[in-house]
>>> print(open('coords.txt').read())   # compact mmCIF, C-alpha atoms and all ligand atoms
# COMPACT_ATOMS: atom_id res chain seq x y z
CA MET N 1 -119.49 36.61 -75.61
CA ASP N 2 -118.59 33.73 -77.87
CA LEU N 3 -117.85 35.77 -81.03
CA ALA N 4 -116.63 38.99 -79.40
CA GLY N 5 -114.75 41.13 -81.91
CA LYS N 6 -115.29 38.79 -84.85
CA LYS N 7 -116.07 40.47 -88.17
CA ILE N 8 -118.37 38.44 -90.35
CA VAL N 9 -119.53 39.09 -93.89
CA LEU N 10 -122.97 37.48 -94.07
CA GLY N 11 -123.93 36.66 -97.65
CA LEU N 12 -127.54 35.93 -98.59
CA THR N 13 -128.43 34.17 -101.82
CA GLY N 14 -131.83 33.45 -103.35
CA GLY N 15 -133.92 31.07 -101.25
CA ILE N 16 -136.86 31.05 -98.90
CA ALA N 17 -134.46 30.38 -96.00
CA CYS N 18 -133.49 34.06 -96.30
CA TYR N 19 -136.04 34.69 -93.57
CA LYS N 20 -133.79 32.73 -91.19
CA ALA N 21 -130.86 35.01 -92.06
CA ALA N 22 -132.64 37.81 -90.19
CA GLU N 23 -132.57 35.80 -86.97
CA LEU N 24 -129.01 34.64 -87.66
CA THR N 25 -127.93 38.28 -87.92
CA ARG N 26 -129.40 39.02 -84.50
CA ALA N 27 -127.83 35.93 -83.01
CA LEU N 28 -124.39 36.80 -84.40
CA ILE N 29 -124.63 40.34 -83.07
CA ALA N 30 -125.83 39.09 -79.67
CA ALA N 31 -122.74 36.82 -79.62
CA GLY N 32 -120.53 39.89 -80.08
CA ALA N 33 -119.84 39.73 -83.84
CA GLN N 34 -119.93 42.62 -86.28
CA VAL N 35 -122.06 41.66 -89.29
CA GLN N 36 -121.68 43.11 -92.78
CA VAL N 37 -124.55 41.89 -94.97
CA VAL N 38 -124.10 41.38 -98.72
CA MET N 39 -127.03 40.08 -100.76
CA THR N 40 -127.46 38.75 -104.25
CA GLU N 41 -130.17 40.25 -106.41
CA ALA N 42 -132.20 37.05 -105.96
CA ALA N 43 -131.94 37.26 -102.16
CA THR N 44 -133.61 40.67 -102.26
CA ARG N 45 -136.71 38.95 -103.72
CA PHE N 46 -137.06 37.01 -100.45
CA ILE N 47 -136.10 39.58 -97.81
CA THR N 48 -135.40 43.27 -98.17
CA ALA N 49 -132.07 44.99 -97.75
CA VAL N 50 -133.92 47.39 -95.42
CA THR N 51 -134.66 44.56 -92.98
CA MET N 52 -131.09 43.30 -93.06
CA GLN N 53 -129.71 46.81 -92.68
CA ALA N 54 -131.94 47.50 -89.68
CA LEU N 55 -130.86 44.27 -88.01
CA SER N 56 -127.16 44.50 -88.79
CA GLY N 57 -126.90 48.25 -88.23
CA ARG N 58 -124.71 48.55 -91.32
CA THR N 59 -125.18 49.48 -94.96
CA VAL N 60 -126.19 46.42 -97.00
CA TYR N 61 -124.47 45.87 -100.35
CA VAL N 62 -126.03 44.16 -103.36
CA ASP N 63 -124.53 45.81 -106.42
CA GLN N 64 -120.88 45.45 -107.40
CA TRP N 65 -121.00 48.93 -108.90
CA ASP N 66 -122.21 50.43 -105.61
CA SER N 67 -120.58 53.86 -105.46
CA ARG N 68 -121.21 54.30 -101.71
CA VAL N 69 -117.87 52.59 -101.06
CA ALA N 70 -115.35 55.44 -101.15
CA ASN N 71 -112.76 53.75 -103.36
CA ASN N 72 -115.48 52.02 -105.41
CA MET N 73 -114.20 48.58 -104.47
CA PRO N 74 -117.15 46.88 -102.74
CA HIS N 75 -115.85 43.52 -104.00
CA ILE N 76 -112.59 43.97 -102.03
CA ASP N 77 -113.04 46.16 -98.96
CA PRO N 78 -115.54 44.17 -96.85
CA THR N 79 -113.30 41.09 -96.57
CA ARG N 80 -110.00 42.82 -95.89
CA ASP N 81 -110.50 42.96 -92.13
CA ALA N 82 -113.08 40.16 -91.93
CA ASP N 83 -112.65 36.90 -90.04
CA ALA N 84 -115.10 34.93 -92.17
CA ILE N 85 -117.65 34.99 -94.94
CA VAL N 86 -120.81 33.05 -94.11
CA ILE N 87 -123.20 32.35 -96.97
CA ALA N 88 -126.59 31.61 -95.42
CA PRO N 89 -128.65 30.59 -97.25
CA CYS N 90 -126.41 29.23 -100.01
CA SER N 91 -128.44 28.26 -103.09
CA ALA N 92 -127.54 25.43 -105.47
CA ASP N 93 -126.65 28.06 -108.06
CA PHE N 94 -124.35 29.96 -105.70
CA LEU N 95 -122.62 26.73 -104.64
CA SER N 96 -122.02 25.99 -108.31
CA LYS N 97 -120.58 29.48 -108.80
CA LEU N 98 -118.27 29.09 -105.83
CA VAL N 99 -116.66 25.88 -107.04
CA HIS N 100 -116.24 27.28 -110.52
CA GLY N 101 -114.75 30.53 -109.33
CA SER N 102 -117.44 32.60 -111.07
CA CYS N 103 -117.61 36.26 -110.19
CA ASP N 104 -120.56 37.79 -111.98
CA ASP N 105 -122.06 39.60 -109.00
CA LEU N 106 -120.82 41.32 -105.85
CA LEU N 107 -121.13 38.37 -103.47
CA SER N 108 -119.44 35.80 -105.70
CA THR N 109 -116.68 38.30 -106.51
CA LEU N 110 -116.16 38.95 -102.79
CA CYS N 111 -115.76 35.21 -102.23
CA VAL N 112 -113.23 34.80 -105.02
CA ALA N 113 -111.33 37.92 -103.94
CA ARG N 114 -111.19 37.00 -100.23
CA PRO N 115 -107.74 36.75 -98.63
CA ALA N 116 -106.63 33.20 -97.80
CA GLN N 117 -107.07 33.68 -94.04
CA VAL N 118 -110.75 34.64 -94.38
CA ARG N 119 -112.64 31.38 -93.87
CA LEU N 120 -115.65 30.68 -96.04
CA PHE N 121 -118.67 28.90 -94.53
CA ILE N 122 -121.74 27.97 -96.51
CA ALA N 123 -125.15 26.86 -95.26
CA PRO N 124 -126.80 25.11 -98.22
CA ALA N 125 -130.55 25.58 -98.48
CA MET N 126 -132.53 24.09 -101.34
CA ASN N 127 -135.19 21.63 -102.40
CA VAL N 128 -134.35 17.99 -101.65
CA GLU N 129 -134.08 17.05 -105.35
CA MET N 130 -131.79 20.00 -106.02
CA TRP N 131 -129.55 18.91 -103.12
CA GLN N 132 -129.48 15.29 -104.27
CA ASN N 133 -128.77 16.20 -107.87
CA PRO N 134 -125.40 14.67 -108.84
CA ALA N 135 -124.10 18.06 -109.97
CA THR N 136 -124.93 19.63 -106.58
CA GLN N 137 -123.38 16.70 -104.73
CA ARG N 138 -120.28 16.99 -106.90
CA ASN N 139 -120.14 20.72 -106.17
CA ALA N 140 -120.56 20.14 -102.42
CA ARG N 141 -117.64 17.66 -102.43
CA GLN N 142 -115.52 20.05 -104.48
CA ALA N 143 -116.35 22.94 -102.17
CA ALA N 144 -115.19 20.91 -99.15
CA GLU N 145 -112.02 19.97 -101.03
CA ASP N 146 -111.41 23.65 -101.78
CA GLY N 147 -111.43 24.39 -98.04
CA ILE N 148 -114.97 25.73 -97.84
CA THR N 149 -116.79 24.61 -94.68
CA LEU N 150 -120.28 23.26 -95.26
CA LEU N 151 -122.71 23.80 -92.40
CA GLY N 152 -125.57 21.39 -93.02
CA PRO N 153 -127.94 21.05 -94.71
CA ALA N 154 -130.42 19.35 -92.40
CA ALA N 155 -133.26 17.00 -93.27
CA GLY N 156 -136.91 17.73 -92.66
CA ALA N 157 -140.04 19.40 -94.01
CA GLN N 158 -139.35 21.96 -96.72
CA ALA N 159 -141.16 25.16 -97.65
CA CYS N 160 -142.03 23.60 -101.03
CA GLY N 161 -144.02 20.87 -99.28
CA GLU N 162 -141.49 18.11 -99.93
CA THR N 163 -139.43 16.43 -97.23
CA GLY N 164 -135.75 15.51 -97.12
CA MET N 165 -132.21 16.86 -97.06
CA GLY N 166 -131.78 20.47 -98.07
CA ARG N 167 -133.20 22.51 -95.18
CA MET N 168 -130.90 25.24 -93.98
CA LEU N 169 -129.63 24.69 -90.43
CA GLU N 170 -131.51 26.71 -87.84
CA PRO N 171 -129.86 30.03 -86.86
CA ALA N 172 -128.99 28.68 -83.39
CA ASP N 173 -127.25 25.66 -84.95
CA LEU N 174 -125.34 27.86 -87.39
CA LEU N 175 -124.24 30.09 -84.52
CA GLU N 176 -123.09 27.04 -82.56
CA GLU N 177 -121.01 25.79 -85.51
CA LEU N 178 -119.42 29.22 -86.01
CA VAL N 179 -118.58 29.58 -82.31
CA CYS N 180 -117.01 26.12 -82.46
CA ALA N 181 -115.05 26.98 -85.61
CA PHE N 182 -113.49 30.05 -83.99
CA ALA N 183 -112.65 28.46 -80.61
CA PRO N 184 -108.94 27.73 -80.06
CA LYS N 185 -108.39 23.97 -80.43
CA VAL N 186 -106.56 23.47 -77.15
CA LEU N 187 -107.90 19.92 -76.74
CA ALA N 188 -107.55 18.85 -80.38
CA GLY N 189 -107.47 15.08 -80.71
CA LYS N 190 -108.25 14.46 -77.02
CA LYS N 191 -111.06 12.30 -75.70
CA VAL N 192 -112.94 13.84 -72.79
CA LEU N 193 -115.57 12.26 -70.55
CA VAL N 194 -117.84 14.56 -68.54
CA THR N 195 -120.47 13.72 -65.91
CA ALA N 196 -123.26 16.24 -65.34
CA GLY N 197 -126.55 16.84 -63.62
CA PRO N 198 -128.04 15.23 -60.52
CA THR N 199 -128.63 11.56 -59.88
CA PHE N 200 -132.02 10.09 -58.99
CA GLU N 201 -132.07 7.35 -56.38
CA PRO N 202 -135.38 5.45 -56.43
CA ILE N 203 -137.44 4.83 -53.29
CA ASP N 204 -140.14 3.04 -55.25
CA PRO N 205 -141.26 3.15 -58.92
CA VAL N 206 -142.70 6.68 -58.55
CA ARG N 207 -140.58 8.35 -55.86
CA GLY N 208 -136.92 9.05 -55.44
CA ILE N 209 -134.17 11.18 -53.92
CA THR N 210 -132.44 13.74 -56.09
CA ASN N 211 -130.89 17.22 -55.79
CA HIS N 212 -131.16 20.67 -57.35
CA SER N 213 -128.31 20.33 -59.87
CA SER N 214 -129.57 21.65 -63.23
CA GLY N 215 -126.67 20.21 -65.25
CA LYS N 216 -125.89 23.67 -66.70
CA MET N 217 -122.25 23.76 -65.58
CA GLY N 218 -121.51 20.21 -66.76
CA TYR N 219 -123.20 20.79 -70.09
CA ALA N 220 -121.27 24.04 -70.53
CA VAL N 221 -118.02 22.15 -69.84
CA ALA N 222 -118.94 19.43 -72.37
CA ARG N 223 -119.77 22.09 -74.97
CA ALA N 224 -116.54 24.02 -74.32
CA ALA N 225 -114.46 20.82 -74.56
CA ARG N 226 -116.06 20.03 -77.91
CA HIS N 227 -115.40 23.58 -79.10
CA ALA N 228 -111.78 23.07 -78.04
CA GLY N 229 -111.50 20.15 -80.46
CA ALA N 230 -112.09 17.21 -78.11
CA THR N 231 -114.26 14.17 -78.76
CA VAL N 232 -116.70 14.48 -75.88
CA THR N 233 -118.89 11.92 -74.13
CA LEU N 234 -121.38 13.27 -71.61
CA VAL N 235 -122.83 10.93 -68.99
CA SER N 236 -125.85 12.82 -67.77
CA GLY N 237 -128.29 12.45 -64.91
CA PRO N 238 -131.89 13.55 -65.47
CA VAL N 239 -131.91 17.18 -66.68
CA SER N 240 -134.02 19.19 -69.11
CA LEU N 241 -131.18 20.53 -71.27
CA PRO N 242 -130.54 19.92 -74.97
CA THR N 243 -127.46 17.85 -75.81
CA PRO N 244 -124.65 20.17 -76.93
CA ALA N 245 -124.02 19.80 -80.68
CA GLY N 246 -121.43 17.17 -81.55
CA VAL N 247 -121.42 15.65 -78.05
CA HIS N 248 -122.25 11.98 -77.45
CA ARG N 249 -124.70 11.78 -74.53
CA ILE N 250 -125.45 8.77 -72.35
CA ASN N 251 -128.48 9.18 -70.09
CA VAL N 252 -128.51 7.63 -66.62
CA GLN N 253 -130.64 7.99 -63.51
CA SER N 254 -128.87 6.60 -60.45
CA ALA N 255 -125.32 6.99 -59.17
CA GLN N 256 -124.71 3.28 -59.77
CA GLN N 257 -125.82 3.66 -63.40
CA MET N 258 -123.60 6.73 -63.75
CA HIS N 259 -120.68 4.76 -62.31
CA ASP N 260 -121.31 1.83 -64.67
CA ALA N 261 -121.64 4.11 -67.73
CA VAL N 262 -118.42 5.94 -66.83
CA MET N 263 -116.50 2.72 -66.25
CA ALA N 264 -117.76 1.28 -69.54
CA THR N 265 -116.49 4.30 -71.50
CA ILE N 266 -113.40 5.40 -69.58
CA ALA N 267 -110.87 3.35 -71.58
CA GLY N 268 -109.00 5.60 -74.00
CA GLN N 269 -110.20 8.86 -72.42
CA GLN N 270 -107.47 11.42 -71.72
CA VAL N 271 -109.55 13.66 -69.46
CA PHE N 272 -112.33 12.92 -66.98
CA ILE N 273 -114.31 15.89 -65.63
CA ALA N 274 -116.75 14.95 -62.86
CA VAL N 275 -119.24 17.81 -62.66
CA ALA N 276 -122.27 15.73 -61.65
CA ALA N 277 -123.83 16.15 -58.22
CA VAL N 278 -123.84 12.47 -57.35
CA ALA N 279 -125.93 11.15 -54.44
CA ASP N 280 -123.71 9.76 -51.71
CA TRP N 281 -126.29 7.19 -50.65
CA ARG N 282 -129.03 5.15 -52.25
CA VAL N 283 -132.04 3.48 -50.70
CA ALA N 284 -130.99 -0.08 -49.90
CA ASN N 285 -134.54 -1.32 -49.51
CA ALA N 286 -136.14 0.47 -52.49
CA SER N 287 -139.50 -1.08 -53.27
CA THR N 288 -140.36 -2.54 -56.66
CA GLN N 289 -143.99 -1.58 -56.01
CA LYS N 290 -145.41 1.81 -55.12
CA LEU N 291 -145.38 2.25 -51.34
CA LYS N 292 -148.92 2.64 -50.07
CA LYS N 293 -150.02 5.04 -47.36
CA GLN N 294 -150.68 2.96 -44.25
CA GLY N 295 -153.99 3.58 -42.52
CA ASN N 296 -152.38 3.09 -39.13
CA GLY N 297 -150.01 6.04 -39.68
CA SER N 298 -146.84 3.92 -39.90
CA MET N 299 -144.07 5.36 -42.07
CA PRO N 300 -141.89 3.56 -44.61
CA GLN N 301 -138.56 2.65 -43.03
CA LEU N 302 -135.81 3.54 -45.51
CA ARG N 303 -132.33 2.14 -45.12
CA PHE N 304 -129.39 3.70 -46.97
CA GLU N 305 -126.22 2.31 -48.42
CA GLN N 306 -123.17 4.04 -49.85
CA ASN N 307 -122.94 4.76 -53.57
CA PRO N 308 -119.66 4.23 -55.40
CA ASP N 309 -117.49 7.34 -55.61
CA ILE N 310 -117.11 7.60 -59.38
CA LEU N 311 -114.37 10.23 -59.35
CA ALA N 312 -112.31 8.32 -56.80
CA ALA N 313 -112.74 5.10 -58.80
CA VAL N 314 -111.51 6.76 -62.01
CA ALA N 315 -108.67 8.55 -60.19
CA ALA N 316 -107.52 5.15 -58.86
CA LEU N 317 -107.29 3.56 -62.32
CA PRO N 318 -103.76 2.66 -63.34
CA ALA N 319 -102.73 4.91 -66.27
CA GLY N 320 -106.15 6.55 -66.03
CA PRO N 321 -107.15 9.92 -67.48
CA TYR N 322 -106.33 13.36 -66.11
CA CYS N 323 -109.05 13.79 -63.47
CA VAL N 324 -110.91 16.98 -62.61
CA GLY N 325 -113.32 17.03 -59.68
CA PHE N 326 -115.92 19.60 -58.69
CA ALA N 327 -116.87 20.65 -55.19
CA ALA N 328 -119.88 22.70 -54.21
CA GLU N 329 -119.10 24.35 -50.90
CA SER N 330 -121.40 26.67 -48.98
CA GLU N 331 -118.59 27.92 -46.71
CA ASN N 332 -114.80 27.81 -46.26
CA LEU N 333 -114.38 27.21 -50.00
CA ILE N 334 -110.61 27.55 -49.94
CA GLU N 335 -109.86 25.18 -47.03
CA ASN N 336 -112.51 22.69 -48.08
CA GLY N 337 -111.47 22.76 -51.73
CA ARG N 338 -107.82 22.18 -50.92
CA ALA N 339 -108.68 19.33 -48.55
CA LYS N 340 -111.08 17.72 -51.01
CA ARG N 341 -108.50 17.70 -53.80
CA GLU N 342 -106.18 15.71 -51.60
CA ARG N 343 -108.88 13.40 -50.32
CA LYS N 344 -110.03 12.65 -53.87
CA SER N 345 -106.43 12.28 -55.15
CA VAL N 346 -107.09 14.35 -58.26
CA PRO N 347 -104.64 16.79 -59.89
CA LEU N 348 -107.30 19.47 -60.29
CA LEU N 349 -110.34 20.27 -58.18
CA VAL N 350 -112.78 23.01 -59.11
CA GLY N 351 -114.58 24.65 -56.21
CA ASN N 352 -117.76 26.61 -56.72
CA LEU N 353 -120.05 28.47 -54.47
CA GLY N 354 -122.28 25.59 -53.59
CA PRO N 355 -126.06 25.32 -53.56
CA SER N 356 -126.51 29.01 -54.47
CA THR N 357 -125.22 28.33 -58.00
CA PHE N 358 -127.63 25.43 -58.74
CA GLY N 359 -129.83 26.33 -61.70
CA GLN N 360 -128.20 29.75 -62.19
CA ASP N 361 -126.51 30.86 -65.41
CA THR N 362 -123.54 32.36 -63.56
CA ASN N 363 -120.95 30.86 -61.28
CA GLU N 364 -117.63 31.51 -59.62
CA LEU N 365 -114.86 28.93 -59.87
CA VAL N 366 -111.72 28.42 -57.81
CA LEU N 367 -109.16 25.98 -59.20
CA PHE N 368 -107.04 23.94 -56.78
CA ASP N 369 -103.97 22.11 -57.98
CA GLU N 370 -100.67 20.95 -56.50
CA SER N 371 -99.24 24.47 -56.52
CA GLY N 372 -102.10 26.40 -54.95
CA HIS N 373 -105.33 27.91 -56.07
CA VAL N 374 -106.46 30.44 -58.64
CA THR N 375 -109.86 32.12 -59.00
CA LEU N 376 -111.38 32.46 -62.46
CA PRO N 377 -113.20 35.74 -63.16
CA ALA N 378 -116.87 35.25 -62.18
CA GLY N 379 -119.19 35.09 -65.14
CA ASP N 380 -121.68 33.04 -67.03
CA LYS N 381 -121.21 29.30 -66.91
CA GLN N 382 -120.30 29.01 -70.60
CA ALA N 383 -117.53 31.61 -70.35
CA LEU N 384 -116.25 29.94 -67.18
CA ALA N 385 -116.36 26.54 -68.89
CA ARG N 386 -114.27 27.96 -71.74
CA ASP N 387 -111.68 29.31 -69.27
CA LEU N 388 -111.71 26.05 -67.33
CA VAL N 389 -111.07 24.01 -70.48
CA LYS N 390 -108.07 26.23 -71.27
CA GLU N 391 -106.75 25.68 -67.73
CA ILE N 392 -107.24 21.92 -68.06
CA ALA N 393 -105.50 21.85 -71.46
CA ARG N 394 -102.53 23.76 -70.03
CA ARG N 395 -102.18 21.40 -67.06
CA LEU N 396 -102.70 18.35 -69.28
CA ALA N 397 -99.75 19.43 -71.39
CA LEU N 398 -97.67 19.61 -68.20
CA ALA N 399 -98.92 16.31 -66.76
CA PRO N 400 -96.27 13.57 -66.48
CA SER N 401 -97.95 11.21 -68.95
CA SER N 402 -98.27 13.93 -71.59
CA PRO N 403 -95.70 14.68 -74.24
CA ALA N 404 -92.99 17.11 -73.13
CA ALA N 405 -94.25 20.51 -72.07
CA PRO N 406 -92.25 23.69 -72.68
CA ALA N 407 -90.36 24.84 -69.57
CA ALA N 408 -91.67 28.39 -69.94
CA SER N 409 -95.27 27.26 -69.47
CA ALA N 410 -94.33 25.38 -66.29
CA LYS N 411 -92.82 28.56 -64.89
CA GLU N 412 -95.81 30.65 -65.86
CA HIS N 413 -98.09 28.01 -64.33
CA ARG N 414 -96.31 28.24 -60.95
CA LYS N 415 -96.47 32.03 -61.03
CA ARG N 416 -100.22 32.09 -61.71
CA THR N 417 -101.20 29.57 -59.05
CA ALA N 418 -98.81 30.49 -56.22
O1 LIG H 501 -117.32 14.39 -52.04
P1 LIG H 501 -118.13 15.25 -52.95
O2 LIG H 501 -119.44 14.66 -53.32
O3 LIG H 501 -118.27 16.67 -52.49
O4 LIG H 501 -117.24 15.34 -54.27
C1 LIG H 501 -117.67 16.00 -55.39
C2 LIG H 501 -116.92 15.51 -56.60
O5 LIG H 501 -116.89 14.07 -56.62
C3 LIG H 501 -117.63 15.90 -57.87
O6 LIG H 501 -116.63 16.00 -58.87
C4 LIG H 501 -118.56 14.74 -58.12
O7 LIG H 501 -118.93 14.65 -59.48
C5 LIG H 501 -117.72 13.58 -57.68
N1 LIG H 501 -118.47 12.44 -57.10
C6 LIG H 501 -118.51 11.24 -57.77
N2 LIG H 501 -119.18 10.18 -57.22
C7 LIG H 501 -119.79 10.29 -56.04
C8 LIG H 501 -119.75 11.50 -55.34
C9 LIG H 501 -119.10 12.57 -55.90
O8 LIG H 501 -117.96 11.16 -58.87
N3 LIG H 501 -120.43 9.24 -55.55
>>> encode(input="coords.txt", output="structure tokens", more="lines below")
Ligand code: C5P
Amino acid sequence: MDLAGKKIVLGLTGGIACYKAAELTRALIAAGAQVQVVMTEAATRFITAVTMQALSGRTVYVDQWDSRVANNMPHIDPTRDADAIVIAPCSADFLSKLVHGSCDDLLSTLCVARPAQVRLFIAPAMNVEMWQNPATQRNARQAAEDGITLLGPAAGAQACGETGMGRMLEPADLLEELVCAFAPKVLAGKKVLVTAGPTFEPIDPVRGITNHSSGKMGYAVARAARHAGATVTLVSGPVSLPTPAGVHRINVQSAQQMHDAVMATIAGQQVFIAVAAVADWRVANASTQKLKKQGNGSMPQLRFEQNPDILAAVAALPAGPYCVGFAAESENLIENGRAKRERKSVPLLVGNLGPSTFGQDTNELVLFDESGHVTLPAGDKQALARDLVKEIARRLALAPSSPAAPAASAKEHRKRTA
């Protein structure tokens, strides 16, 4: 789980977006976090403490004189072992209080009294005019300068009937940003290019040859790389997945288009991860018009030609990026994986269990490098992607073109993969 063990103080301030805080609470808990809700008096006008208590499973605090806290210090205790305070929704008034250091209620006092290591995130939510007001804009800039992380707001239709900036981010987007904020930045400053999904090789304008790749593993890798601090470009075949937040996506159909898109963006990339299930052949005599059924029973005669091997082409680039290939094997994973790594001339090849994993949320990965192979604990594709990114970052630091790597890590690396 992405936020396993994280302790979050979720602060609600007065705004209609309070209804989204209920869903955010569930999402945070589902991601493994412990959620302590604190509400302002105004927030209780929009959603009840009872609702938030039922969802968070913990006593909700509103009043700074709340005597249910044993030492009578509700403005201190909740943040002492917390990882973050998240104010969602954050009203214009509360933003103003934060930048002025006001502490006239429990939530604002908690924020001012938080230890330095407790990060403060705010999700502004207000009417478009309130957000655009110069005072609010000034406060938002000041908040960022003070080390407060602003999540949003987004633009769109507002509860008041007006349209524009000021909508609170959706709970799923807030969760994504928090997961990203907590992920170790093992690829900070790196540029990573990922291919994902199947390719589609046309036979005619309505038909084509493709495969069962869902793109889930490649998208999980792109997301994990972004969480790890990388600037990520995702060259994607046709899939029905949303683009991971903060990732630049280039859509392609055929293997040739995927090759061309990769080659056009490869300069300056430090890591290339080829997760796509690329068609080995394309139809050489694809028709520009729809093939008609022949009355005499004759069949279309398709001829095939080889597609470019994108991974091999990138691996052959002089001073190219650190290359990671994927191999889906239905049998003899270990022998085939080892052989494929050498054939493809890549430093790291990731074997997985072949067609049975297509479309599934779980996978099993075996990593092959120059010193042997290591199996990652089986799990969901996102958790595996996170582990894989860590493994890539570790090897990247050891790679010859990278800045000096500590000798201890090299030793540990040999031990793990022997
Ligand atoms: O040879 P095979 O198709 O099994 O190799 C799989 C690996 O090579 C994957 O990383 C895949 O993305 C990549 N590949 C490629 N271009 C191709 C075929 C495979 O980049 N034409």
>>> residues_around(input="coords.txt", residues="Asp309 of chain N", least_positions_apart="6", cutoff="9 Å", atoms="only C-alpha atoms", output="PDB file with C-alpha atoms, in the coordinates of the input")
ATOM      1  CA  ALA N 255    -125.320   6.990 -59.170  1.00  0.00           C
ATOM      2  CA  HIS N 259    -120.680   4.760 -62.310  1.00  0.00           C
ATOM      3  CA  VAL N 278    -123.840  12.470 -57.350  1.00  0.00           C
ATOM      4  CA  ASP N 280    -123.710   9.760 -51.710  1.00  0.00           C
TER       5      ASP N 280
END
>>> residues_near_ligand(input="coords.txt", ligand="ligand LIG 501 (chain H)", cutoff="7 Å", atoms="all atoms listed in the file", output="VMD selection string")
chain N and resid 195 255 274 to 280 307 to 312 324 to 328
>>> write_last_selection(input="coords.txt", atoms="C-alpha atoms", output="PDB file, in the coordinates of the input")
ATOM      1  CA  THR N 195    -120.470  13.720 -65.910  1.00  0.00           C
ATOM      2  CA  ALA N 255    -125.320   6.990 -59.170  1.00  0.00           C
ATOM      3  CA  ALA N 274    -116.750  14.950 -62.860  1.00  0.00           C
ATOM      4  CA  VAL N 275    -119.240  17.810 -62.660  1.00  0.00           C
ATOM      5  CA  ALA N 276    -122.270  15.730 -61.650  1.00  0.00           C
ATOM      6  CA  ALA N 277    -123.830  16.150 -58.220  1.00  0.00           C
ATOM      7  CA  VAL N 278    -123.840  12.470 -57.350  1.00  0.00           C
ATOM      8  CA  ALA N 279    -125.930  11.150 -54.440  1.00  0.00           C
ATOM      9  CA  ASP N 280    -123.710   9.760 -51.710  1.00  0.00           C
ATOM     10  CA  ASN N 307    -122.940   4.760 -53.570  1.00  0.00           C
ATOM     11  CA  PRO N 308    -119.660   4.230 -55.400  1.00  0.00           C
ATOM     12  CA  ASP N 309    -117.490   7.340 -55.610  1.00  0.00           C
ATOM     13  CA  ILE N 310    -117.110   7.600 -59.380  1.00  0.00           C
ATOM     14  CA  LEU N 311    -114.370  10.230 -59.350  1.00  0.00           C
ATOM     15  CA  ALA N 312    -112.310   8.320 -56.800  1.00  0.00           C
ATOM     16  CA  VAL N 324    -110.910  16.980 -62.610  1.00  0.00           C
ATOM     17  CA  GLY N 325    -113.320  17.030 -59.680  1.00  0.00           C
ATOM     18  CA  PHE N 326    -115.920  19.600 -58.690  1.00  0.00           C
ATOM     19  CA  ALA N 327    -116.870  20.650 -55.190  1.00  0.00           C
ATOM     20  CA  ALA N 328    -119.880  22.700 -54.210  1.00  0.00           C
TER      21      ALA N 328
END
>>> atom_distance(input="coords.txt", atom1="atom CA of Gln256 of chain N", atom2="atom CA of Leu348 of chain N")
23.8 Å
>>> axis_aligned_box(input="coords.txt", around="segment 163-171 of chain N", padding_each_side="4 Å", output="lines of an AutoDock Vina configuration file")
center_x = -134.5
center_y = 22.8
center_z = -92.5
size_x = 17.8
size_y = 22.5
size_z = 19.2
>>> atom_distance(input="coords.txt", atom1="atom CA of Ile47 of chain N", atom2="atom CA of Asp173 of chain N")
20.9 Å
>>> residues_near_point(input="coords.txt", point="(-115.6, 2.6, -69.2)", cutoff="12 Å", atoms="only C-alpha atoms", output="list of chain:residue names")
N:Leu193, N:Thr233, N:Val235, N:Gln257, N:Met258, N:His259, N:Asp260, N:Ala261, N:Val262, N:Met263, N:Ala264, N:Thr265, N:Ile266, N:Ala267, N:Gly268, N:Gln269, N:Phe272, N:Ile310, N:Ala313, N:Val314, N:Leu317, N:Gly320, N:Pro321
>>> closest_residue(input="coords.txt", among="N:Asn72, N:Ser56, N:Gln64, N:Asn139", to="Ser108 of chain N", atoms="only C-alpha atoms")
N:Gln64
>>> build_atoms(input="coords.txt", residues="segment 84-91 of chain N", atoms="N, CA and C atoms", output="compact mmCIF listing (two decimals), in the coordinates of the input")
# COMPACT_ATOMS: atom_id res chain seq x y z
N ALA N 84 -114.45 36.00 -91.41
CA ALA N 84 -115.10 34.93 -92.17
C ALA N 84 -116.18 35.50 -93.07
N ILE N 85 -116.44 34.74 -94.15
CA ILE N 85 -117.65 34.99 -94.94
C ILE N 85 -118.58 33.81 -94.65
N VAL N 86 -119.82 34.10 -94.36
CA VAL N 86 -120.81 33.05 -94.11
C VAL N 86 -121.93 33.24 -95.12
N ILE N 87 -122.12 32.25 -95.99
CA ILE N 87 -123.20 32.35 -96.97
C ILE N 87 -124.39 31.57 -96.43
N ALA N 88 -125.43 32.26 -96.02
CA ALA N 88 -126.59 31.61 -95.42
C ALA N 88 -127.84 32.41 -95.76
N PRO N 89 -128.70 31.89 -96.60
CA PRO N 89 -128.65 30.59 -97.25
C PRO N 89 -127.73 30.59 -98.48
N CYS N 90 -127.21 29.39 -98.79
CA CYS N 90 -126.41 29.23 -100.01
C CYS N 90 -127.23 28.38 -100.98
N SER N 91 -127.61 28.97 -102.10
CA SER N 91 -128.44 28.26 -103.09
C SER N 91 -127.59 27.28 -103.89
